[in-house]
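One structure is given below, encoded as structure tokens.
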Amino acid sequence: MMFPLQGVQMLQMLETYLRKSLPESLKVYGTVFHMNQGNPFKLKALVDKWPDFNTVVVCPQEQDMIDDFDHYTNTYLIYSKDTKNCQDFLSSPEVINWKQHLQIQSSQSSLNEAIQNLAVMKSFKVKQTQNILYMTIETVKKLIPSLLDVKKLSPLGPKPKLINQEMFKLSSLDVTHAALVNKFWLFGGNESSQRFIKRCIRTFPSFCLLGPEGTPVSWALMDQTGEMRMAGTVPAYRAQGLITYIIYSQIQALNKLGFPLYSHVDKNNKIMQKVCYTLHYLPVPCDWNQWHCVPL
């Protein structure tokens, strides 16, 4: 069975249910939060049954997934209370079009077995990426206060170093900057990713520092799941604390909007882990997972 959730009331109920399952539901919770703020990416939510669902899948409308090779658009956000049910649910062509290049994102590494089993059943190759998942201290206090652990916070407080405000100007990105962001994004570097970045810039708040030439030298964006992502600094301006300043500015602005704030960092990226520590991000006891699936 596949049940599409329609109407404001159902999506608000889903947000409430997912909130009770944080942090494991974080990827889907963040997405549904923004669906309830006007649904700017025009996503849909599918469950196996309602209201006592086992598995929820959030993805674009079918008419938006027309490019079989664009896995940035063909992205499925998944939360499940039952991995066996999850595998059965995801195997339905009504839920996922396995003939396309696609990606699955979830805060549950426990879904890996179901996805690997589906790879055999549906004939696709899969690459899993697993990273550290962080939430800002304000979001933890508001949504999961039981996770608050002051021992994991920097004793200096979350303020960044001052920057030279004559040299750098705080601003926002516009779509003409997408190529620059795409060039330095670890998951980007192609035409599809550049289209996705343009859409994120058009749809959600973005932040950058303009350098002396008037072009961005450091930046941070948000994606359709409400995650703070794609941050970067051009090489000539690195090691000056600019990224810390940008992300601090981003947190301050998005907190005022009441957004749940979270992000991920590569396990080998010690510099960004240090930035997260400085800015009072807390690592949560589950992972950021992405499965990139390509039909054989």
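Chain labels run A, B, ... following the order of the structure tokens; each chain numbers its residues from 1, and ligands are numbered from 1 in the order shown.
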
Which residues, written as a tab-separated table (two decimals) with N, CA, C and O atoms, in the first residue's frame, have at least one atom at most 10 Å from Leu162 (chain A), with only C-alpha atoms counted and residues fewer than 3 positions away on the same chain left out?
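Result file follows (result-v6.tsv):
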```tsv
chain	number	residue	atom	x	y	z
A	159	LYS	N	31.03	32.79	19.19
A	159	LYS	CA	31.27	33.97	18.35
A	159	LYS	C	32.53	33.76	17.49
A	159	LYS	O	33.56	33.34	17.98
A	165	GLN	N	35.83	44.46	7.81
A	165	GLN	CA	34.57	44.80	7.15
A	165	GLN	C	34.73	45.83	6.04
A	165	GLN	O	33.78	46.10	5.30
A	240	GLN	N	41.33	32.26	7.05
A	240	GLN	CA	41.15	33.61	7.61
A	240	GLN	C	39.89	33.68	8.48
A	240	GLN	O	39.47	34.77	8.88
A	241	GLY	N	39.27	32.53	8.72
A	241	GLY	CA	38.06	32.51	9.55
A	241	GLY	C	36.80	32.96	8.84
A	241	GLY	O	35.78	33.22	9.48
A	242	LEU	N	36.85	33.06	7.50
A	242	LEU	CA	35.68	33.58	6.77
A	242	LEU	C	34.50	32.62	6.82
A	242	LEU	O	33.35	33.05	6.96
A	245	TYR	N	32.69	32.84	10.04
A	245	TYR	CA	31.90	34.08	10.09
A	245	TYR	C	30.60	33.92	9.29
A	245	TYR	O	29.52	34.31	9.75
```

Could you give me the residues within region 70-227 of chain A that DSSP places in strand (DSSP E), as a ChimeraX atom specification? /A:75-80,102-106,124-136,169-171,207-210,216-222

Fewer than 4 positions away in the same chain doesn't count, so skip those; otherwise give me all residues within 6 Å of Asp48 (chain A), counting only C-alpha atoms, as a PyMOL selection string. chain A and resi 1-3+53+55

Closest-contact table, region 215-268 of chain A side, partner region 91-111 of chain A, 12 Å, counting only C-alpha atoms, as a Markdown table:
```
| residue | atom | partner | partner_atom | distance |
| --- | --- | --- | --- | --- |
| A:Gln224 | CA | A:Gln105 | CA | 11.7 |
| A:Thr225 | CA | A:Gln105 | CA | 9.7 |
| A:Glu227 | CA | A:Gln105 | CA | 11.6 |
| A:Tyr262 | CA | A:Ser107 | CA | 11.4 |
| A:Ser263 | CA | A:Ser107 | CA | 11.2 |
| A:His264 | CA | A:Ser107 | CA | 10.4 |
```

Deliver the residues from the most recent selection as a file, using N, CA and C atoms, as an mmCIF file, in the first residue's frame.
```cif
data_model
loop_
_atom_site.group_PDB
_atom_site.id
_atom_site.type_symbol
_atom_site.label_atom_id
_atom_site.label_comp_id
_atom_site.auth_asym_id
_atom_site.auth_seq_id
_atom_site.Cartn_x
_atom_site.Cartn_y
_atom_site.Cartn_z
ATOM 1 N N GLN A 224 16.797 21.610 -0.053
ATOM 2 C CA GLN A 224 15.349 21.405 0.094
ATOM 3 C C GLN A 224 14.973 20.676 1.382
ATOM 4 N N THR A 225 15.955 20.107 2.067
ATOM 5 C CA THR A 225 15.684 19.427 3.338
ATOM 6 C C THR A 225 15.878 20.368 4.526
ATOM 7 N N GLU A 227 18.676 21.627 5.261
ATOM 8 C CA GLU A 227 20.050 21.458 5.758
ATOM 9 C C GLU A 227 20.933 22.598 5.249
ATOM 10 N N TYR A 262 20.625 22.264 10.937
ATOM 11 C CA TYR A 262 21.526 21.109 11.023
ATOM 12 C C TYR A 262 22.398 21.053 9.777
ATOM 13 N N SER A 263 23.457 20.260 9.847
ATOM 14 C CA SER A 263 24.346 20.101 8.692
ATOM 15 C C SER A 263 25.190 18.848 8.892
ATOM 16 N N HIS A 264 25.972 18.522 7.873
ATOM 17 C CA HIS A 264 26.868 17.362 7.998
ATOM 18 C C HIS A 264 28.291 17.780 7.654
#
```

Applying 10 Å and only C-alpha atoms, which residues near region 139-154 of chain A remain after dropping the ones on its own chain fewer than 2 positions away? List them as an mmCIF file with C-alpha atoms, in the first residue's frame.
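The resulting result-v4.cif:
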```
data_model
loop_
_atom_site.group_PDB
_atom_site.id
_atom_site.type_symbol
_atom_site.label_atom_id
_atom_site.label_comp_id
_atom_site.auth_asym_id
_atom_site.auth_seq_id
_atom_site.Cartn_x
_atom_site.Cartn_y
_atom_site.Cartn_z
ATOM 1 C CA ARG A 19 9.548 15.420 15.815
ATOM 2 C CA LYS A 20 8.987 12.636 18.370
ATOM 3 C CA SER A 21 11.495 10.439 16.483
ATOM 4 C CA LEU A 22 14.378 12.920 16.344
ATOM 5 C CA PRO A 23 17.295 12.757 15.680
ATOM 6 C CA TYR A 134 25.364 18.068 13.565
ATOM 7 C CA MET A 135 22.562 20.226 14.960
ATOM 8 C CA THR A 136 22.960 23.753 16.262
ATOM 9 C CA ILE A 137 22.659 24.178 20.019
ATOM 10 C CA LEU A 156 34.794 30.178 24.382
ATOM 11 C CA GLY A 157 31.243 30.616 23.150
ATOM 12 C CA PRO A 158 30.011 30.588 19.572
ATOM 13 C CA ASN A 255 17.287 31.154 13.954
ATOM 14 C CA GLY A 258 12.524 29.569 13.510
ATOM 15 C CA PHE A 259 14.122 27.010 11.162
ATOM 16 C CA PRO A 260 15.519 23.740 12.580
ATOM 17 C CA LEU A 261 19.251 24.015 11.804
ATOM 18 C CA TYR A 262 21.526 21.109 11.023
ATOM 19 C CA LYS A 274 36.634 22.477 14.396
ATOM 20 C CA CYS A 276 31.312 23.230 14.192
ATOM 21 C CA TYR A 277 32.875 22.973 17.659
ATOM 22 C CA THR A 278 33.579 26.731 17.699
ATOM 23 C CA LEU A 279 30.006 27.547 16.652
ATOM 24 C CA HIS A 280 28.399 25.277 19.274
ATOM 25 C CA TYR A 281 27.110 22.633 16.901
ATOM 26 C CA LEU A 282 26.446 19.306 18.634
ATOM 27 C CA PRO A 283 27.168 15.977 16.920
ATOM 28 C CA VAL A 284 24.028 13.823 17.169
ATOM 29 C CA PRO A 285 23.991 10.053 17.821
#
```

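Distances here use only C-alpha atoms; by that measure, the residue among A:Gln87, A:Ala253, A:Ala179, A:Asp82 closest to Ser193 (chain A) is A:Ala179.
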
As an MDAnalysis selection string, please: the residues near Ser172 (chain A) (cut-off 7 Å, only C-alpha atoms, same-chain neighbours under 2 positions excluded). chainID A and resid 174 206:208

Closest pair table for region 213-281 of chain A residues within 10 Å of region 112-132 of chain A, only C-alpha atoms, as a Markdown table:
```
| residue | atom | partner | partner_atom | distance |
| --- | --- | --- | --- | --- |
| A:Ser263 | CA | A:Ile132 | CA | 8.5 |
| A:His264 | CA | A:Ile132 | CA | 5.4 |
| A:Val265 | CA | A:Ile132 | CA | 5.3 |
| A:Asp266 | CA | A:Asn131 | CA | 5.0 |
| A:Lys267 | CA | A:Asn131 | CA | 5.7 |
| A:Asn268 | CA | A:Asn131 | CA | 9.1 |
| A:Asn269 | CA | A:Asn131 | CA | 9.9 |
| A:Gln273 | CA | A:Ile132 | CA | 8.9 |
```

Of the residues A:Leu133, A:Asp88, A:Lys161, A:Thr203, which is the one nearest to Ser25 (chain A), using only C-alpha atoms?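 Counting only C-alpha atoms, the residue closest to Ser25 (chain A) is A:Leu133.
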
Considering only C-alpha atoms, can you say which of A:Lys27, A:His71, A:Lys49, A:Lys270 comes closest to His292 (chain A)?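 Going through A:Lys27, A:His71, A:Lys49, A:Lys270 one by one, the smallest distance to His292 (chain A) is for A:His71.
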
Exercise: Ser80 (chain A) partners within 7 Å, only C-alpha atoms, chain neighbours under 5 positions left out, as a PyMOL selection string: chain A and resi 54-56+86

If DSSP is run on the backbone, what residues of region 203-285 of chain A are alpha helix (DSSP H)? A reply as a PyMOL selection string would be ideal. chain A and resi 203+242-256+270-278

Would you write out those residues with N, CA, C and O atoms, as a compact mmCIF listing (two decimals), in the first residue's frame?
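Wrote part-v7.txt, looks like this:
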```
# COMPACT_ATOMS: atom_id res chain seq x y z
N THR A 203 15.46 29.68 -4.09
CA THR A 203 14.37 29.25 -3.21
C THR A 203 14.60 29.57 -1.73
O THR A 203 13.65 29.91 -1.01
N LEU A 242 36.85 33.06 7.50
CA LEU A 242 35.68 33.58 6.77
C LEU A 242 34.50 32.62 6.82
O LEU A 242 33.35 33.05 6.96
N ILE A 243 34.77 31.31 6.69
CA ILE A 243 33.67 30.34 6.68
C ILE A 243 32.97 30.31 8.04
O ILE A 243 31.75 30.19 8.12
N THR A 244 33.75 30.47 9.11
CA THR A 244 33.16 30.51 10.45
C THR A 244 32.24 31.72 10.57
O THR A 244 31.13 31.63 11.10
N TYR A 245 32.69 32.84 10.04
CA TYR A 245 31.90 34.08 10.09
C TYR A 245 30.60 33.92 9.29
O TYR A 245 29.52 34.31 9.75
N ILE A 246 30.71 33.33 8.10
CA ILE A 246 29.53 33.15 7.23
C ILE A 246 28.51 32.23 7.90
O ILE A 246 27.31 32.52 7.94
N ILE A 247 28.98 31.09 8.43
CA ILE A 247 28.04 30.13 9.02
C ILE A 247 27.43 30.72 10.29
O ILE A 247 26.23 30.53 10.55
N TYR A 248 28.21 31.47 11.05
CA TYR A 248 27.66 32.15 12.23
C TYR A 248 26.54 33.12 11.80
O TYR A 248 25.46 33.15 12.41
N SER A 249 26.79 33.89 10.75
CA SER A 249 25.78 34.83 10.23
C SER A 249 24.54 34.09 9.75
O SER A 249 23.40 34.53 9.98
N GLN A 250 24.76 32.96 9.09
CA GLN A 250 23.66 32.12 8.60
C GLN A 250 22.80 31.62 9.77
O GLN A 250 21.56 31.72 9.74
N ILE A 251 23.46 31.11 10.82
CA ILE A 251 22.73 30.60 11.99
C ILE A 251 21.90 31.71 12.64
O ILE A 251 20.73 31.52 12.97
N GLN A 252 22.51 32.89 12.81
CA GLN A 252 21.80 34.00 13.45
C GLN A 252 20.53 34.36 12.66
O GLN A 252 19.45 34.54 13.24
N ALA A 253 20.66 34.43 11.34
CA ALA A 253 19.52 34.83 10.50
C ALA A 253 18.44 33.75 10.47
O ALA A 253 17.24 34.05 10.58
N LEU A 254 18.85 32.49 10.32
CA LEU A 254 17.86 31.41 10.19
C LEU A 254 17.19 31.09 11.53
O LEU A 254 16.03 30.66 11.55
N ASN A 255 17.91 31.32 12.63
CA ASN A 255 17.29 31.15 13.95
C ASN A 255 16.09 32.09 14.11
O ASN A 255 15.06 31.71 14.67
N LYS A 256 16.25 33.32 13.59
CA LYS A 256 15.16 34.30 13.70
C LYS A 256 13.92 33.85 12.92
O LYS A 256 12.80 34.24 13.23
N LYS A 270 38.69 17.74 9.26
CA LYS A 270 38.94 18.20 10.63
C LYS A 270 38.76 19.72 10.76
O LYS A 270 38.37 20.21 11.83
N ILE A 271 39.00 20.46 9.68
CA ILE A 271 38.85 21.92 9.74
C ILE A 271 37.39 22.28 10.00
O ILE A 271 37.07 23.08 10.89
N MET A 272 36.46 21.66 9.24
CA MET A 272 35.04 21.98 9.42
C MET A 272 34.50 21.42 10.74
O MET A 272 33.59 22.00 11.34
N GLN A 273 35.08 20.31 11.21
CA GLN A 273 34.68 19.80 12.53
C GLN A 273 35.05 20.81 13.62
O GLN A 273 34.29 21.04 14.56
N LYS A 274 36.21 21.45 13.43
CA LYS A 274 36.63 22.48 14.40
C LYS A 274 35.71 23.70 14.32
O LYS A 274 35.37 24.30 15.35
N VAL A 275 35.29 24.08 13.11
CA VAL A 275 34.34 25.19 12.93
C VAL A 275 33.04 24.88 13.67
O VAL A 275 32.50 25.72 14.39
N CYS A 276 32.55 23.64 13.52
CA CYS A 276 31.31 23.23 14.19
C CYS A 276 31.46 23.32 15.71
O CYS A 276 30.54 23.77 16.40
N TYR A 277 32.61 22.91 16.21
CA TYR A 277 32.87 22.97 17.66
C TYR A 277 32.86 24.44 18.14
O TYR A 277 32.23 24.78 19.14
N THR A 278 33.52 25.30 17.36
CA THR A 278 33.58 26.73 17.70
C THR A 278 32.19 27.35 17.73
O THR A 278 31.88 28.17 18.60
```

I'd like the neighbourhood of region 6-18 of chain A as an MDAnalysis selection string, where a residue qualifies if any of its atoms comes within 7 Å (using only C-alpha atoms), though same-chain residues fewer than 6 positions away should be ignored. chainID A and resid 25 29 32:33 36

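Nearest residue to Ile197 (chain A), choosing from A:Phe89, A:Phe184, A:Trp291, A:Tyr237 and counting only C-alpha atoms: A:Phe184.
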